[in-house]
$ cat final07.cif   # mmCIF, C-alpha atoms
data_structure
loop_
_atom_site.label_atom_id
_atom_site.label_comp_id
_atom_site.auth_asym_id
_atom_site.auth_seq_id
_atom_site.Cartn_x
_atom_site.Cartn_y
_atom_site.Cartn_z
CA MET A 1 34.41 5.71 51.95
CA ARG A 2 36.07 6.11 48.55
CA ILE A 3 39.67 4.91 48.28
CA GLY A 4 41.99 5.85 45.43
CA ILE A 5 45.05 3.62 44.90
CA LEU A 6 47.89 5.46 43.13
CA MET A 7 50.65 3.11 42.01
CA ASN A 8 53.74 3.71 39.94
CA LEU A 9 53.59 0.26 38.40
CA ALA A 10 52.33 -1.39 35.23
CA PRO A 11 50.53 -4.60 36.31
CA ARG A 12 51.66 -6.42 33.17
CA LYS A 13 51.93 -9.86 34.74
CA LEU A 14 50.05 -11.96 37.27
CA GLY A 15 52.43 -11.70 40.20
CA SER A 16 52.06 -11.08 43.92
CA PHE A 17 51.88 -7.31 43.61
CA GLU A 18 48.96 -7.58 41.19
CA GLY A 19 47.42 -10.13 43.55
CA TRP A 20 47.84 -7.66 46.41
CA ILE A 21 45.90 -4.95 44.55
CA VAL A 22 43.10 -7.41 43.81
CA ALA A 23 43.07 -8.45 47.49
CA LEU A 24 42.71 -4.78 48.52
CA ALA A 25 39.76 -4.42 46.15
CA ARG A 26 38.17 -7.58 47.56
CA GLU A 27 38.64 -6.46 51.18
CA ALA A 28 37.34 -2.95 50.42
CA ARG A 29 34.24 -4.41 48.81
CA ARG A 30 33.72 -6.76 51.77
CA ARG A 31 33.69 -3.74 54.09
CA GLY A 32 31.38 -1.71 51.86
CA HIS A 33 33.93 0.76 50.46
CA ALA A 34 34.47 1.88 46.86
CA LEU A 35 37.99 1.52 45.44
CA ASP A 36 39.62 2.77 42.23
CA VAL A 37 43.13 2.03 40.98
CA PHE A 38 45.32 4.47 39.03
CA GLY A 39 48.31 2.68 37.51
CA ARG A 40 50.65 2.44 34.56
CA THR A 41 50.01 0.62 31.32
CA PRO A 42 50.15 -2.04 30.00
CA ALA A 43 47.86 -3.91 32.36
CA HIS A 44 47.27 -7.66 32.18
CA PRO A 45 43.75 -8.47 30.91
CA THR A 46 43.11 -10.98 33.70
CA PHE A 47 44.10 -8.40 36.32
CA LEU A 48 41.66 -5.87 34.80
CA GLN A 49 38.90 -8.48 34.69
CA GLN A 50 39.41 -9.31 38.36
CA LEU A 51 39.12 -5.64 39.32
CA GLU A 52 35.97 -5.24 37.23
CA GLU A 53 34.35 -8.27 38.85
CA LEU A 54 35.02 -6.70 42.27
CA GLY A 55 33.50 -3.38 41.23
CA ALA A 56 36.85 -1.56 41.33
CA GLY A 57 37.75 1.01 38.69
CA TRP A 58 40.97 1.05 36.66
CA PHE A 59 42.43 4.26 35.22
CA ASP A 60 45.68 5.18 33.50
CA VAL A 61 47.64 7.43 35.84
CA LYS A 62 48.87 9.38 32.80
CA GLU A 63 45.40 10.92 32.64
CA LEU A 64 46.08 12.60 35.99
CA GLU A 65 49.61 13.66 35.10
CA ALA A 66 48.52 15.20 31.79
CA ALA A 67 46.08 17.69 33.32
CA LEU A 68 47.26 19.10 36.65
CA ILE A 69 44.25 21.05 37.92
CA PRO A 70 41.55 18.65 36.67
CA GLY A 71 43.63 15.78 38.02
CA ILE A 72 43.82 17.33 41.49
CA ALA A 73 40.08 18.00 41.42
CA ARG A 74 39.46 14.38 40.48
CA LEU A 75 41.61 13.09 43.36
CA SER A 76 39.91 15.39 45.85
CA ARG A 77 36.70 13.36 45.45
CA TYR A 78 38.29 10.45 47.30
CA ASP A 79 38.27 10.17 51.07
CA VAL A 80 41.67 8.42 51.23
CA LEU A 81 44.49 8.33 48.68
CA HIS A 82 46.75 5.29 49.07
CA VAL A 83 50.07 6.18 47.38
CA ASN A 84 52.46 3.39 46.34
CA MET A 85 55.87 3.22 44.66
CA TYR A 86 56.18 6.97 44.23
CA VAL A 87 58.83 9.11 45.84
CA PRO A 88 57.27 11.59 48.28
CA ARG A 89 57.88 14.64 46.06
CA SER A 90 56.95 13.11 42.72
CA ARG A 91 54.34 14.85 40.57
CA ILE A 92 51.61 12.38 41.53
CA ALA A 93 52.44 12.59 45.24
CA LEU A 94 52.29 16.41 45.11
CA MET A 95 48.94 16.19 43.33
CA ALA A 96 47.66 13.91 46.08
CA TYR A 97 48.76 16.41 48.74
CA ALA A 98 46.95 19.18 46.86
CA ALA A 99 43.74 17.11 46.63
CA TYR A 100 42.29 18.46 49.88
CA PRO A 101 40.34 17.24 51.84
CA ALA A 102 41.39 13.68 50.87
CA ARG A 103 43.64 12.05 53.46
CA VAL A 104 46.94 10.71 52.10
CA VAL A 105 48.58 7.51 53.29
CA PHE A 106 51.97 6.64 51.85
CA VAL A 107 53.34 3.12 51.41
CA ASP A 108 57.12 2.85 51.21
CA HIS A 109 58.27 -0.18 49.18
CA THR A 110 61.57 1.49 48.30
CA SER A 111 64.83 -0.38 48.18
CA GLY A 112 68.02 1.59 47.84
CA PRO A 113 71.66 2.05 48.77
CA VAL A 114 72.87 1.03 52.19
CA PRO A 115 72.66 4.23 54.32
CA SER A 116 76.31 4.00 55.43
CA THR A 117 77.45 4.02 51.79
CA ALA A 118 75.30 6.96 50.69
CA ALA A 119 77.19 10.11 49.75
CA PRO A 120 77.26 12.69 52.59
CA GLU A 121 75.19 15.84 52.03
CA ARG A 122 76.53 19.36 52.27
CA PRO A 123 75.21 21.31 55.30
CA LEU A 124 73.09 23.75 53.26
CA ALA A 125 71.64 20.99 51.11
CA ALA A 126 70.83 18.97 54.22
CA LEU A 127 69.09 21.98 55.80
CA LEU A 128 67.00 22.64 52.69
CA LYS A 129 66.09 18.99 52.43
CA ARG A 130 65.01 18.92 56.07
CA ALA A 131 62.77 21.94 55.49
CA ALA A 132 61.27 20.37 52.36
CA ASP A 133 60.68 17.13 54.27
CA ALA A 134 58.77 18.95 56.98
CA VAL A 135 56.51 20.63 54.41
CA THR A 136 56.01 17.36 52.53
CA MET A 137 54.73 15.55 55.61
CA VAL A 138 52.07 18.18 56.42
CA ARG A 139 49.53 16.41 54.19
CA VAL A 140 50.65 12.84 54.84
CA ASP A 141 48.41 11.20 57.42
CA SER A 142 50.84 8.34 58.03
CA ILE A 143 53.44 6.11 56.37
CA ALA A 144 53.60 2.32 56.21
CA GLY A 145 56.89 0.60 55.57
CA VAL A 146 56.89 -2.93 54.18
CA SER A 147 59.39 -3.99 56.86
CA ASP A 148 60.63 -2.77 60.22
CA TYR A 149 63.82 -1.77 58.39
CA VAL A 150 61.79 0.60 56.18
CA ARG A 151 59.68 1.87 59.09
CA GLU A 152 62.75 2.81 61.10
CA ARG A 153 64.32 4.42 58.04
CA ASN A 154 61.19 6.57 57.60
CA MET A 155 61.07 7.60 61.25
CA LYS A 156 64.65 8.81 60.95
CA ARG A 157 64.26 10.45 57.54
CA TRP A 158 60.99 12.29 58.19
CA ARG A 159 61.38 12.83 61.95
CA LEU A 160 57.89 11.49 62.57
CA PRO A 161 56.44 10.23 65.85
CA ALA A 162 55.94 6.49 66.15
CA GLU A 163 52.14 6.75 65.84
CA ARG A 164 52.47 8.11 62.28
CA VAL A 165 54.72 5.30 61.04
CA ARG A 166 53.90 1.60 60.98
CA THR A 167 54.97 -1.70 59.43
CA ILE A 168 52.64 -3.64 57.15
CA TYR A 169 54.49 -6.57 55.66
CA ASN A 170 53.84 -7.52 52.06
CA GLY A 171 51.63 -10.54 51.68
CA VAL A 172 51.48 -13.51 49.34
CA ASP A 173 48.58 -15.79 48.51
CA THR A 174 49.63 -19.00 50.23
CA ARG A 175 46.81 -20.82 48.43
CA ARG A 176 48.40 -19.97 45.09
CA PHE A 177 51.91 -21.00 46.04
CA LEU A 178 51.34 -24.62 46.86
CA SER A 179 53.67 -26.59 49.08
CA LYS A 180 55.86 -29.33 47.65
CA GLU A 181 54.70 -32.67 49.00
CA GLU A 182 58.22 -34.10 49.24
CA PHE A 183 59.40 -31.07 51.25
CA PHE A 184 56.64 -31.49 53.78
CA SER A 185 56.71 -35.23 54.17
CA THR A 186 58.34 -36.40 57.39
CA ALA A 187 59.01 -39.84 55.91
CA PRO A 188 62.65 -40.64 55.02
CA GLN A 189 63.37 -39.89 51.38
CA PRO A 190 65.02 -42.53 49.21
CA THR A 191 68.65 -41.96 48.29
CA PRO A 192 68.98 -41.50 44.52
CA ALA A 193 71.20 -43.92 42.63
CA GLN A 194 73.24 -40.98 41.36
CA PRO A 195 73.45 -37.33 42.40
CA GLU A 196 70.35 -35.54 41.14
CA ARG A 197 70.33 -32.20 39.39
CA VAL A 198 69.41 -29.37 41.75
CA GLN A 199 67.21 -26.61 40.34
CA LEU A 200 68.03 -23.04 41.38
CA THR A 201 65.72 -20.14 40.58
CA THR A 202 65.97 -16.39 40.97
CA VAL A 203 63.21 -13.91 40.07
CA ALA A 204 64.08 -10.25 39.66
CA TYR A 205 63.92 -7.13 37.57
CA LEU A 206 67.39 -7.40 36.11
CA ILE A 207 69.26 -4.36 37.32
CA LYS A 208 72.74 -4.43 38.80
CA GLU A 209 71.43 -3.85 42.32
CA LYS A 210 69.65 -7.22 42.28
CA GLY A 211 73.07 -8.90 42.30
CA VAL A 212 72.31 -11.67 39.81
CA HIS A 213 75.86 -11.34 38.45
CA SER A 214 77.09 -12.46 41.89
CA LEU A 215 74.91 -15.56 41.65
CA VAL A 216 76.21 -16.47 38.20
CA GLN A 217 79.80 -16.04 39.43
CA ALA A 218 79.06 -18.14 42.53
CA ILE A 219 77.88 -21.07 40.43
CA SER A 220 81.20 -21.07 38.61
CA ARG A 221 82.99 -21.27 41.98
CA MET A 222 80.82 -23.93 43.65
CA GLN A 223 82.39 -27.24 44.56
CA HIS A 224 79.22 -28.98 43.34
CA GLY A 225 78.31 -26.46 40.65
CA ALA A 226 78.14 -29.14 37.95
CA ARG A 227 74.99 -30.49 39.64
CA VAL A 228 72.99 -27.25 39.52
CA HIS A 229 70.86 -25.59 36.88
CA LEU A 230 69.94 -21.92 37.36
CA ARG A 231 66.78 -20.38 35.94
CA VAL A 232 66.78 -16.56 35.86
CA VAL A 233 63.22 -15.23 35.63
CA GLY A 234 62.67 -11.60 34.66
CA ASP A 235 63.86 -8.97 32.27
CA GLY A 236 65.72 -5.67 32.53
CA PRO A 237 68.75 -3.71 31.34
CA GLU A 238 71.30 -6.16 32.80
CA LEU A 239 70.03 -9.11 30.74
CA PRO A 240 72.61 -8.84 27.88
CA ARG A 241 75.52 -8.52 30.34
CA LEU A 242 74.31 -11.47 32.39
CA LYS A 243 74.05 -13.67 29.29
CA ALA A 244 77.57 -12.65 28.26
CA LEU A 245 78.87 -13.36 31.78
CA ALA A 246 77.34 -16.86 31.82
CA GLU A 247 78.89 -17.64 28.44
CA SER A 248 82.30 -16.31 29.46
CA LEU A 249 82.28 -18.56 32.55
CA GLY A 250 81.32 -21.62 30.52
CA LEU A 251 77.86 -21.83 32.11
CA GLY A 252 75.79 -21.53 28.95
CA GLU A 253 74.05 -24.88 29.44
CA ARG A 254 73.59 -24.48 33.20
CA VAL A 255 72.06 -20.98 33.22
CA GLU A 256 68.68 -20.41 31.58
CA PHE A 257 67.24 -16.93 31.04
CA ALA A 258 63.47 -17.47 31.11
CA GLY A 259 62.28 -13.87 30.65
CA LEU A 260 59.15 -12.33 32.15
CA ARG A 261 56.70 -15.05 33.22
CA ASP A 262 53.14 -15.28 34.52
CA ASP A 263 53.69 -18.81 35.86
CA VAL A 264 56.24 -18.10 38.60
CA HIS A 265 54.21 -20.25 41.00
CA ALA A 266 54.58 -23.21 38.64
CA LEU A 267 58.32 -22.59 38.27
CA LEU A 268 58.73 -22.50 42.05
CA GLU A 269 57.04 -25.90 42.26
CA LYS A 270 60.03 -27.23 40.31
CA THR A 271 62.61 -25.28 42.33
CA ASP A 272 64.88 -26.83 44.96
CA ILE A 273 66.71 -23.65 46.03
CA PHE A 274 65.54 -20.08 45.53
CA VAL A 275 68.28 -17.44 45.52
CA HIS A 276 67.89 -13.69 46.10
CA PRO A 277 71.37 -12.13 45.80
CA ALA A 278 70.51 -8.41 46.19
CA ILE A 279 73.41 -6.03 46.84
CA TRP A 280 71.30 -3.02 47.80
CA ALA A 281 69.15 -2.49 50.89
CA GLU A 282 66.07 -4.48 49.88
CA ALA A 283 62.90 -3.10 51.43
CA PHE A 284 61.30 -6.52 51.82
CA GLY A 285 61.81 -9.19 49.16
CA LEU A 286 58.40 -10.20 47.80
CA THR A 287 59.83 -12.94 45.61
CA ILE A 288 61.50 -14.40 48.72
CA ALA A 289 58.12 -14.62 50.44
CA GLU A 290 56.66 -16.29 47.33
CA ALA A 291 59.42 -18.90 47.36
CA MET A 292 59.05 -19.46 51.10
CA SER A 293 55.31 -19.94 50.66
CA ASN A 294 56.06 -22.63 48.11
CA GLY A 295 58.35 -24.52 50.46
CA CYS A 296 61.60 -23.62 48.73
CA ALA A 297 64.87 -23.55 50.58
CA VAL A 298 65.98 -19.91 50.26
CA VAL A 299 69.45 -18.39 50.14
CA ALA A 300 69.40 -14.58 50.32
CA SER A 301 71.53 -11.55 51.13
CA ARG A 302 71.79 -10.37 54.72
CA ILE A 303 70.73 -6.81 53.94
CA GLY A 304 67.82 -4.37 54.37
CA GLY A 305 64.55 -6.02 55.36
CA ILE A 306 65.51 -9.53 54.22
CA PRO A 307 66.57 -10.79 57.68
CA GLU A 308 62.99 -10.10 58.85
CA LEU A 309 61.84 -12.83 56.47
CA ILE A 310 64.66 -15.30 56.99
CA ALA A 311 66.07 -16.52 60.28
CA HIS A 312 69.45 -17.94 59.28
CA GLY A 313 69.58 -21.70 59.63
CA GLN A 314 65.88 -21.93 60.51
CA THR A 315 63.79 -20.60 57.61
CA GLY A 316 66.60 -20.16 55.08
CA LEU A 317 70.26 -19.23 54.75
CA LEU A 318 71.78 -15.74 54.62
CA PHE A 319 75.05 -14.63 53.07
CA GLU A 320 76.95 -11.36 52.97
CA PRO A 321 75.78 -9.29 49.98
CA GLY A 322 78.18 -9.36 47.04
CA ASN A 323 80.37 -12.02 48.69
CA VAL A 324 80.61 -14.61 45.90
CA ALA A 325 82.60 -17.11 48.00
CA ASP A 326 80.06 -16.96 50.85
CA LEU A 327 77.16 -17.45 48.43
CA ALA A 328 78.90 -20.42 46.76
CA GLN A 329 79.49 -22.01 50.18
CA GLN A 330 75.84 -21.64 51.24
CA LEU A 331 74.64 -23.11 47.96
CA ASP A 332 77.04 -26.05 48.22
CA SER A 333 75.76 -26.82 51.72
CA LEU A 334 72.19 -27.16 50.39
CA VAL A 335 73.08 -29.01 47.20
CA GLN A 336 74.67 -31.74 49.31
CA ASN A 337 71.89 -31.93 51.88
CA PRO A 338 68.34 -32.61 50.61
CA ALA A 339 67.10 -33.14 54.18
CA LEU A 340 68.21 -29.63 55.14
CA ARG A 341 66.45 -28.26 52.07
CA ARG A 342 63.21 -29.94 53.13
CA SER A 343 63.55 -28.75 56.73
CA LEU A 344 64.14 -25.15 55.70
CA GLY A 345 61.26 -25.36 53.21
CA ARG A 346 58.80 -26.57 55.86
CA ALA A 347 59.81 -23.83 58.29
CA ALA A 348 59.70 -21.18 55.55
CA ARG A 349 56.17 -22.14 54.57
CA ALA A 350 55.01 -21.97 58.18
CA ARG A 351 56.61 -18.54 58.66
CA THR A 352 54.90 -17.20 55.53
CA GLU A 353 51.48 -18.40 56.65
CA GLU A 354 52.02 -16.79 60.05
CA ARG A 355 53.54 -13.41 59.09
CA PHE A 356 53.18 -12.74 55.36
CA ASN A 357 49.66 -13.87 54.53
CA LEU A 358 47.90 -11.89 51.77
CA SER A 359 44.52 -11.75 53.49
CA SER A 360 46.04 -10.30 56.66
CA CYS A 361 48.02 -7.78 54.61
CA ALA A 362 44.88 -6.56 52.78
CA GLU A 363 42.94 -6.32 56.06
CA GLN A 364 45.68 -4.17 57.59
CA HIS A 365 45.82 -1.82 54.59
CA ILE A 366 42.07 -1.26 54.39
CA GLY A 367 41.91 -0.90 58.18
CA TRP A 368 44.66 1.72 57.93
CA CYS A 369 42.59 3.63 55.34
CA GLU A 370 39.60 3.48 57.68
CA GLU A 371 41.68 5.00 60.49
CA ALA A 372 42.67 7.88 58.19
CA PHE A 373 39.04 8.32 57.14
CA VAL A 374 37.90 8.56 60.76
CA ARG A 375 40.50 11.27 61.39
CA LYS A 376 39.26 13.11 58.29
CA GLU A 377 35.66 12.97 59.51
CA ARG A 378 36.61 14.15 62.99
CA ARG A 379 38.55 17.08 61.57
CA SER A 380 35.66 18.10 59.32
CA ARG A 381 33.41 18.34 62.41
CA LEU A 382 35.76 20.61 64.36
CA PRO A 383 34.13 24.00 65.13
CA LEU A 384 35.47 26.97 63.19
CA PRO A 385 37.67 29.35 65.21
#

$ encode --input "final07.cif" --output "structure tokens"
Amino acid sequence: MRIGILMNLAPRKLGSFEGWIVALAREARRRGHALDVFGRTPAHPTFLQQLEELGAGWFDVKELEAALIPGIARLSRYDVLHVNMYVPRSRIALMAYAAYPARVVFVDHTSGPVPSTAAPERPLAALLKRAADAVTMVRVDSIAGVSDYVRERNMKRWRLPAERVRTIYNGVDTRRFLSKEEFFSTAPQPTPAQPERVQLTTVAYLIKEKGVHSLVQAISRMQHGARVHLRVVGDGPELPRLKALAESLGLGERVEFAGLRDDVHALLEKTDIFVHPAIWAEAFGLTIAEAMSNGCAVVASRIGGIPELIAHGQTGLLFEPGNVADLAQQLDSLVQNPALRRSLGRAARARTEERFNLSSCAEQHIGWCEEAFVRKERRSRLPLP
């Protein structure tokens, strides 16, 4: 079959999402399928080279958006369209629906506001939305959420039967994110002559919803905050405000803004505690899985799909989102206890290998496309009325 990946993302770095696309191309090739990727620019040269070596095509999605009818005709040549990071009524999604007879599968990676805090809809608006939702789902074969939280949200939103909604967890390459030897050694660790510096890392697109401001504030309130150094990896519109906040709290030397990086795996090797302080309903938390795979002790918000990655006290620690005092307390407990950090890191690595492995993720996605293809073929053989 021919698979078209439509993604609303510029693969400008060498992160886990780019690695996931390459893994899909590798698995598709292994099974004898052709796969093309339509994405945003810029694209990292190494990512493009990897796709080329696997026989997968790369195209700028703007080419489709610029010419509606030719774009739809082009998409209709695929057997399955695998739509990612688009809202269900975006221009590209509507073009995919129009590209009959291609089957459309929709992956929901979307984080967003906590449902209980969302503004209530007026009755007429809710009725119109419900009608639009029903029409939208006519051409969607099935939806995959990246967590059970997202799957259940989709079942409720779209009123779909269970067989049309599934969970496929995001995956990370556990071979890339190597385990820290000292975290996985069962031998007693020597007690340092003086308290060591503890390295904290957070990786995020810097928008307010990622909650990095809460993390910076928590460091200023920690009992043992003088022992920590925080590295903030990523860029985004909140960067100037975060720098100003760190300076205003007197944390200029203890908070480093590292920008967008291709070597996150290397930075995690040097990380003692990974922190993910999101204040919105995170769909999954791919950077959390990366840190867990690398044996980091993780502290993250108890919100959205994050508790599906972290069992509190076993594979990491959870805190109430936006609660600066709670976050400071959890961090202090790990700063003082290297043995607990190692224990959580070992368990986190094991959980990632078991549930969030990249190879398994790619196999599930390509298998899902094959299921949609079989339904397409069966439908094409139905006798005319």

$ residues_around --input "final07.cif" --residues "Ser142 in chain A" --least-positions-apart "4" --cutoff "12 Å" --atoms "all atoms listed in the file" --output "ChimeraX atom specification"
/A:80-83,103-108,136-138,151,154-155,158,160-167,365,368-369,371-373,375

$ residues_around --input "final07.cif" --residues "Glu320 in chain A" --least-positions-apart "2" --cutoff "9 Å" --atoms "all atoms listed in the file" --output "PyMOL selection string"
chain A and resi 279+300-303+318+322-324+326-327

$ closest_residue --input "final07.cif" --among "A:Ala244, A:Phe177, A:Gly250, A:Leu331" --to "His224 in chain A" --atoms "all atoms listed in the file"
A:Leu331

$ closest_residue --input "final07.cif" --among "A:Ala283, A:Met1, A:Leu51, A:Val198" --to "Ala297 in chain A" --atoms "all atoms listed in the file"
A:Val198

$ atom_distance --input "final07.cif" --atom1 "CA of Thr271 in chain A" --atom2 "CA of Thr201 in chain A"
6.3 Å

$ residues_around --input "final07.cif" --residues "Leu239 in chain A" --least-positions-apart "4" --cutoff "10 Å" --atoms "all atoms listed in the file" --output "list of chain:residue names"
A:Tyr205, A:Leu206, A:Ile207, A:Lys208, A:Val212, A:His213, A:Val232, A:Gly234, A:Asp235, A:Lys243, A:Ala244, A:Leu245, A:Phe257, A:Gly259

$ residues_around --input "final07.cif" --residues "Gln199 in chain A" --least-positions-apart "6" --cutoff "12 Å" --atoms "only C-alpha atoms" --output "list of chain:residue names"
A:Gly225, A:Ala226, A:Arg227, A:Val228, A:His229, A:Leu230, A:Arg231, A:Val232, A:Arg254, A:Val255, A:Glu256, A:Leu267, A:Leu268, A:Glu269, A:Lys270, A:Thr271, A:Asp272, A:Ile273, A:Phe274, A:Val275, A:Cys296, A:Ala297, A:Leu331, A:Leu334, A:Val335, A:Pro338, A:Arg341

$ closest_residue --input "final07.cif" --among "A:Gln49, A:Asn294, A:Gln330, A:Asn357" --to "Arg342 in chain A" --atoms "all atoms listed in the file"
A:Asn294

$ residues_near_point --input "final07.cif" --point "(61.7, -22.1, 58.9)" --cutoff "9 Å" --atoms "only C-alpha atoms" --output "list of chain:residue names"
A:Met292, A:Ile310, A:Ala311, A:His312, A:Gly313, A:Gln314, A:Thr315, A:Gly316, A:Ser343, A:Leu344, A:Gly345, A:Arg346, A:Ala347, A:Ala348, A:Arg349, A:Ala350, A:Arg351

$ atom_distance --input "final07.cif" --atom1 "CA of His265 in chain A" --atom2 "CA of Ser16 in chain A"
9.9 Å

$ atom_distance --input "final07.cif" --atom1 "CA of Ala246 in chain A" --atom2 "CA of Phe17 in chain A"
29.6 Å

$ resolve_selection --input "final07.cif" --expression "the PyMOL selection byres ((chain A and resi 66-77) around 6)" --output "list in words"
Lys62, Glu63, Leu64, Glu65, Tyr78, Met95, Ala99, Tyr100 and Ala102 of chain A

$ resolve_selection --input "final07.cif" --expression "the PyMOL selection byres ((chain A and resi 57) around 8)" --output "ChimeraX atom specification"
/A:35-37,51-52,55-56,58-59

$ closest_residue --input "final07.cif" --among "A:Asp141, A:Asp173, A:Asp148, A:Asp133" --to "His109 in chain A" --atoms "all atoms listed in the file"
A:Asp148
